[in-house]
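**Q** Got a file for you: input35.cif, mmCIF, C-alpha atoms.
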```cif
data_data
#
loop_
_atom_site.label_atom_id
_atom_site.label_comp_id
_atom_site.auth_asym_id
_atom_site.auth_seq_id
_atom_site.Cartn_x
_atom_site.Cartn_y
_atom_site.Cartn_z
CA MET G 15 128.52 96.13 20.97
CA ARG G 16 124.86 96.75 21.73
CA ARG G 17 125.60 100.46 22.16
CA ILE G 18 127.18 100.58 18.70
CA PHE G 19 124.90 98.35 16.65
CA GLY G 20 121.90 98.33 18.95
CA ALA G 21 119.99 95.36 20.25
CA ALA G 22 118.02 93.19 17.86
CA LYS G 23 114.35 94.01 17.89
CA THR G 24 112.07 91.18 18.88
CA LYS G 25 109.52 90.51 16.21
CA GLU G 26 105.98 90.62 17.47
CA PRO G 27 103.98 87.51 16.73
CA ALA G 28 101.31 87.78 14.07
CA PRO G 29 97.82 88.27 15.44
CA THR G 30 95.58 85.27 15.48
CA ILE G 31 92.30 85.09 13.62
CA ASP G 32 90.34 85.58 16.84
CA GLU G 33 92.37 88.67 17.73
CA SER G 34 91.85 90.12 14.25
CA ALA G 35 88.12 89.47 14.47
CA ASP G 36 87.90 91.17 17.87
CA ARG G 37 89.89 94.17 16.62
CA LEU G 38 87.67 94.60 13.55
CA GLN G 39 84.55 94.27 15.66
CA GLY G 40 85.82 96.95 18.05
CA ARG G 41 86.52 99.36 15.17
CA SER G 42 83.09 98.66 13.67
CA ASP G 43 81.41 99.41 17.00
CA LYS G 44 83.22 102.77 17.26
CA VAL G 45 82.14 103.71 13.73
CA ASP G 46 78.53 102.83 14.61
CA GLU G 47 78.76 105.10 17.65
CA GLN G 48 79.94 107.99 15.44
CA ILE G 49 77.07 107.42 13.01
CA ILE G 50 74.54 107.46 15.87
CA LYS G 51 75.95 110.75 17.18
CA ILE G 52 75.76 112.34 13.71
CA GLU G 53 72.15 111.19 13.29
CA GLN G 54 71.25 112.76 16.63
CA GLN G 55 72.87 116.05 15.56
CA LEU G 56 71.05 115.93 12.24
CA THR G 57 67.73 115.52 14.05
CA VAL G 58 68.42 118.67 16.07
CA LEU G 59 69.48 120.63 12.96
CA LYS G 60 66.33 119.59 11.09
CA ASP G 61 64.18 120.97 13.90
CA GLN G 62 66.17 124.22 13.89
CA ILE G 63 65.85 124.57 10.13
CA LYS G 64 62.07 124.14 10.39
CA LYS G 65 61.78 126.71 13.17
CA THR G 66 63.94 129.44 11.59
CA ARG G 67 62.89 131.67 8.74
CA PRO G 68 64.80 131.69 5.47
CA GLY G 69 67.96 133.70 5.93
CA PRO G 70 71.55 133.51 7.12
CA SER G 71 70.70 131.46 10.24
CA GLN G 72 68.82 128.86 8.28
CA GLU G 73 71.57 128.69 5.66
CA GLY G 74 74.12 128.11 8.41
CA TYR G 75 72.07 125.23 9.78
CA LYS G 76 71.83 123.73 6.31
CA ARG G 77 75.59 123.96 5.71
CA ARG G 78 76.19 122.27 9.06
CA ALA G 79 73.69 119.54 8.17
CA ILE G 80 75.42 118.97 4.81
CA GLN G 81 78.79 118.56 6.53
CA LEU G 82 77.27 116.07 8.95
CA LEU G 83 75.73 114.13 6.07
CA LYS G 84 79.14 113.93 4.38
CA GLN G 85 80.69 112.62 7.59
CA LYS G 86 77.88 110.13 7.97
CA ARG G 87 78.44 108.76 4.47
CA MET G 88 82.17 108.51 5.15
CA TYR G 89 81.57 106.55 8.34
CA GLU G 90 79.03 104.34 6.58
CA GLY G 91 81.64 103.55 3.92
CA GLN G 92 84.15 102.65 6.63
CA ARG G 93 81.55 100.51 8.34
CA ASP G 94 80.84 98.64 5.09
CA GLN G 95 84.55 97.96 4.62
CA LEU G 96 84.94 96.75 8.18
CA SER G 97 81.85 94.55 7.81
CA ALA G 98 83.29 92.99 4.65
CA GLN G 99 86.62 92.32 6.37
CA ASN G 100 84.86 90.95 9.42
CA PHE G 101 82.82 88.65 7.18
CA ASN G 102 85.99 87.32 5.58
CA ILE G 103 87.50 86.75 9.00
CA GLN G 104 84.42 84.86 10.14
CA GLN G 105 84.49 82.69 7.04
CA THR G 106 88.15 81.96 7.69
CA GLN G 107 87.40 81.12 11.31
CA PHE G 108 84.68 78.73 10.20
CA THR G 109 87.02 77.05 7.72
CA VAL G 110 89.81 76.71 10.29
CA SER G 111 87.39 75.24 12.82
CA ASN G 112 86.19 72.71 10.25
CA ILE G 113 89.76 71.72 9.44
CA LYS G 114 90.57 71.29 13.13
CA ASP G 115 87.47 69.18 13.64
CA THR G 116 88.34 67.07 10.60
CA VAL G 117 91.90 66.53 11.85
CA GLY G 118 90.60 65.55 15.28
CA THR G 119 88.11 63.14 13.74
CA VAL G 120 90.78 61.52 11.56
CA GLN G 121 93.11 61.18 14.55
CA ALA G 122 90.36 59.62 16.64
CA LEU G 123 89.48 57.15 13.88
CA THR G 124 93.14 56.28 13.40
CA GLY G 125 93.56 55.58 17.10
CA ALA G 126 90.38 53.50 17.17
CA SER G 127 91.55 51.51 14.14
CA LYS G 128 94.89 50.72 15.79
CA GLU G 129 93.11 49.69 18.99
CA MET G 130 90.76 47.40 17.08
CA LYS G 131 93.66 45.77 15.24
CA ARG G 132 95.50 45.23 18.53
CA MET G 133 92.43 43.66 20.13
CA PHE G 134 91.87 41.31 17.19
CA LYS G 135 95.54 40.33 17.27
CA GLU G 136 95.79 39.75 21.02
CA ASN G 137 92.42 38.07 21.55
CA LYS G 138 92.17 34.74 19.79
CA GLU G 139 88.57 34.48 20.98
CA LEU G 140 87.61 36.96 18.28
CA ASP G 141 88.61 34.58 15.49
CA LEU G 142 85.59 34.03 13.25
CA ASN G 143 86.26 30.30 12.81
CA ARG G 144 86.43 29.82 16.57
CA ILE G 145 83.18 31.74 17.03
CA ASP G 146 81.43 29.57 14.42
CA ALA G 147 82.75 26.44 16.11
CA LEU G 148 81.56 27.73 19.47
CA GLN G 149 78.08 28.41 18.09
CA ASP G 150 77.90 24.90 16.62
CA SER G 151 79.04 23.38 19.91
CA MET G 152 76.46 25.36 21.85
CA SER G 153 73.72 24.27 19.44
CA ASP G 154 74.73 20.60 19.81
CA MET G 155 74.73 20.86 23.61
CA MET G 156 71.29 22.49 23.59
CA ASP G 157 69.93 19.65 21.43
CA LEU G 158 71.53 17.08 23.75
CA SER G 159 70.07 18.81 26.81
CA ARG G 160 66.61 18.81 25.21
CA GLU G 161 66.85 15.07 24.49
CA ILE G 162 67.96 14.41 28.07
CA ASN G 163 65.00 16.35 29.45
CA GLU G 164 62.62 14.44 27.23
CA ALA G 165 64.12 11.15 28.36
CA MET G 166 63.94 12.12 32.04
CA GLY G 167 60.30 13.18 31.65
CA ARG G 168 59.20 9.85 30.18
CA SER G 169 56.48 8.03 32.21
CA TYR G 170 57.03 4.45 33.46
CA ASP G 171 54.64 1.48 33.35
CA VAL G 172 52.47 3.06 30.71
CA PRO G 173 51.40 0.60 28.03
CA ASP G 174 52.30 1.57 24.52
CA ASP G 175 49.27 -0.03 22.82
CA ILE G 176 46.68 2.39 24.26
CA ASP G 177 44.53 4.03 21.61
CA GLU G 178 44.24 7.80 22.07
CA SER G 179 40.69 7.77 20.66
CA ASP G 180 39.63 5.47 23.49
CA LEU G 181 41.20 7.80 26.02
CA MET G 182 39.39 10.80 24.54
CA ALA G 183 36.06 8.95 24.63
CA GLU G 184 36.64 8.04 28.27
CA LEU G 185 37.50 11.65 29.08
CA ASP G 186 34.29 12.89 27.40
CA ALA G 187 32.22 10.40 29.36
CA LEU G 188 33.86 11.48 32.61
CA GLU G 189 33.09 15.13 31.88
CA GLU G 190 29.45 14.25 31.10
CA ASP G 191 29.07 12.35 34.38
CA MET G 192 30.53 15.24 36.31
CA GLY G 193 28.11 17.64 34.60
CA ASN G 194 25.10 15.48 35.50
CA GLU G 195 26.23 15.19 39.09
CA GLU G 196 26.65 18.96 39.44
CA ALA G 197 23.17 19.56 37.97
CA VAL G 198 21.58 17.18 40.50
CA LYS G 199 23.46 18.58 43.48
CA GLY G 200 22.74 22.23 42.68
CA ALA G 201 25.94 22.83 40.75
CA VAL G 202 27.98 21.85 43.83
CA PRO G 203 30.60 19.15 43.26
CA SER G 204 30.18 15.97 45.25
CA TYR G 205 33.49 16.40 47.01
CA MET G 206 32.28 19.76 48.38
CA GLN G 207 28.84 18.57 49.58
CA GLU G 208 28.23 17.86 53.28
CA PRO G 209 27.24 14.28 54.10
CA GLU G 210 23.55 13.77 54.98
CA MET G 211 22.97 12.52 58.52
CA ASP G 212 19.76 11.16 60.11
CA MET G 213 18.89 13.56 62.95
CA PRO G 214 15.93 13.05 65.36
CA ALA G 215 12.96 15.33 64.78
CA ALA G 216 12.48 18.25 67.14
CA PRO G 217 9.60 17.73 69.63
CA SER G 218 6.48 19.81 68.95
CA ALA G 219 4.52 21.85 71.50
CA GLN G 220 1.58 19.39 71.48
CA ALA G 221 3.70 16.32 71.96
CA TYR G 222 5.42 17.70 75.03
CA GLN G 223 3.29 17.87 78.26
CA HIS G 224 4.29 18.87 81.70
CA PRO G 225 3.94 16.11 84.33
CA ALA G 226 1.43 18.18 86.33
CA ASP G 227 -0.77 18.56 83.27
CA ALA G 228 -0.65 14.83 82.66
CA ASN G 229 -1.82 14.02 86.27
CA ALA G 230 -4.71 16.49 85.95
CA LEU G 231 -5.92 14.78 82.80
CA GLN G 232 -5.82 11.35 84.45
CA ALA G 233 -7.82 12.61 87.45
#
```
Can the structure from this file be put into structure tokens for me?

**A**
Amino acid sequence: MRRIFGAAKTKEPAPTIDESADRLQGRSDKVDEQIIKIEQQLTVLKDQIKKTRPGPSQEGYKRRAIQLLKQKRMYEGQRDQLSAQNFNIQQTQFTVSNIKDTVGTVQALTGASKEMKRMFKENKELDLNRIDALQDSMSDMMDLSREINEAMGRSYDVPDDIDESDLMAELDALEEDMGNEEAVKGAVPSYMQEPEMDMPAAPSAQAYQHPADANALQA
């Protein structure tokens, strides 16, 4: 049957945007190469036209230069068309990329939303009423702990009828006495001063006499 009707031709897949962009860029590069070659040839012809005298040779160079200029304009037109197509392809690529990014973002947000709903549903600890109750309980326990610490830090056997003004006056008097004591002792506190001790005086040279000298005086 294949010999009679022939085998079905496989349809080639349509080129992607990236493939189309690469193909257009390759064609544009080839056109640019042709334009550069023509410009180089025109530079040579200009020099030849300047060097030759008016006549058949110079006219031949001019005709050749005109042909090259026509080719250059043709290639420049092709390059402009390819540039416009390439620009459209790039704009399409940018739009497709934005759409893909948007789809990915929406999918990520959708997944995150489902995960958040599951967590709120499975974890009763995230209930707002329970959290408020927990905060109130913690606040009450902190207040209770503070009262306990104050009670444990209370001093014993301290009379309640002591006037604070009397205590302040006594403290001022104590500081004044300490200041007077430091001034008398050379600004050295009494508890840091060395006790004074009665030591015998050191014998002088006149008071001490050798026994031999004493016998000579008596003789």

**Q** Take atom CA of G:Met166 and atom CA of G:Ala183 and report the distance between them in Å, one decimal.

**A** 29.0 Å

**Q** Mind telling me what the PyMOL selection byres ((chain G and resi 69-81) around 10) catches here, as a VMD selection string?

**A** chain G and resid 52 to 53 55 to 68 82 to 86

**Q** Which is closest to G:Asp32 among G:Leu185, G:Leu123, G:Ile103, G:Val45, if we use all atoms listed in the file?

**A**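 Result for the nearest residue to G:Asp32: G:Ile103.
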
**Q** Mind giving me the straight-line distance from atom CA of G:Arg93 to atom CA of G:Gln105 in Å, one decimal?

**A**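 Between atom CA of G:Arg93 and atom CA of G:Gln105 the gap works out to 18.1 Å.
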
**Q** Using Å and a single decimal, report how far atom CA of G:Ser153 sits from atom CA of G:Glu139.

**A**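 About the pair atom CA of G:Glu139 and atom CA of G:Ser153: they are 18.1 Å apart.
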
**Q** Using only C-alpha atoms, pick whichever of G:Glu26, G:Met88, G:Glu184, G:Arg37 has the shortest atom-to-atom distance to G:Ile49.

**A**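 Counting only C-alpha atoms, the residue closest to G:Ile49 is G:Met88.
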
**Q** So what does the PyMOL selection byres ((chain G and resi 39) around 12) actually pick up in this one, as a list of chain:residue names?

**A**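 This file, filtered by the PyMOL selection byres ((chain G and resi 39) around 12), leaves G:Asp32, G:Glu33, G:Ser34, G:Ala35, G:Asp36, G:Arg37, G:Leu38, G:Gly40, G:Arg41, G:Ser42, G:Asp43, G:Lys44, G:Val45, G:Asp46, G:Arg93, G:Gln95, G:Leu96, G:Ser97, G:Ala98, G:Gln99, G:Asn100, G:Phe101, G:Ile103, G:Gln104.
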
**Q** Please return the centre and edge lengths, in Å to one decimal, of a box with edges along x, y and z that contains all listed atoms of stretch 132-148 of chain G, widened by 5 Å on every side, as AutoDock Vina command-line options.

**A**
```
--center_x 88.6 --center_y 35.8 --center_z 17.2 --size_x 24.4 --size_y 28.8 --size_z 18.7
```

**Q** Looking at G:Asp141, G:Ser151, G:Glu178, G:Ile31, which one is nearest to G:Asn102, with distances taken over all atoms listed in the file?

**A** G:Ile31
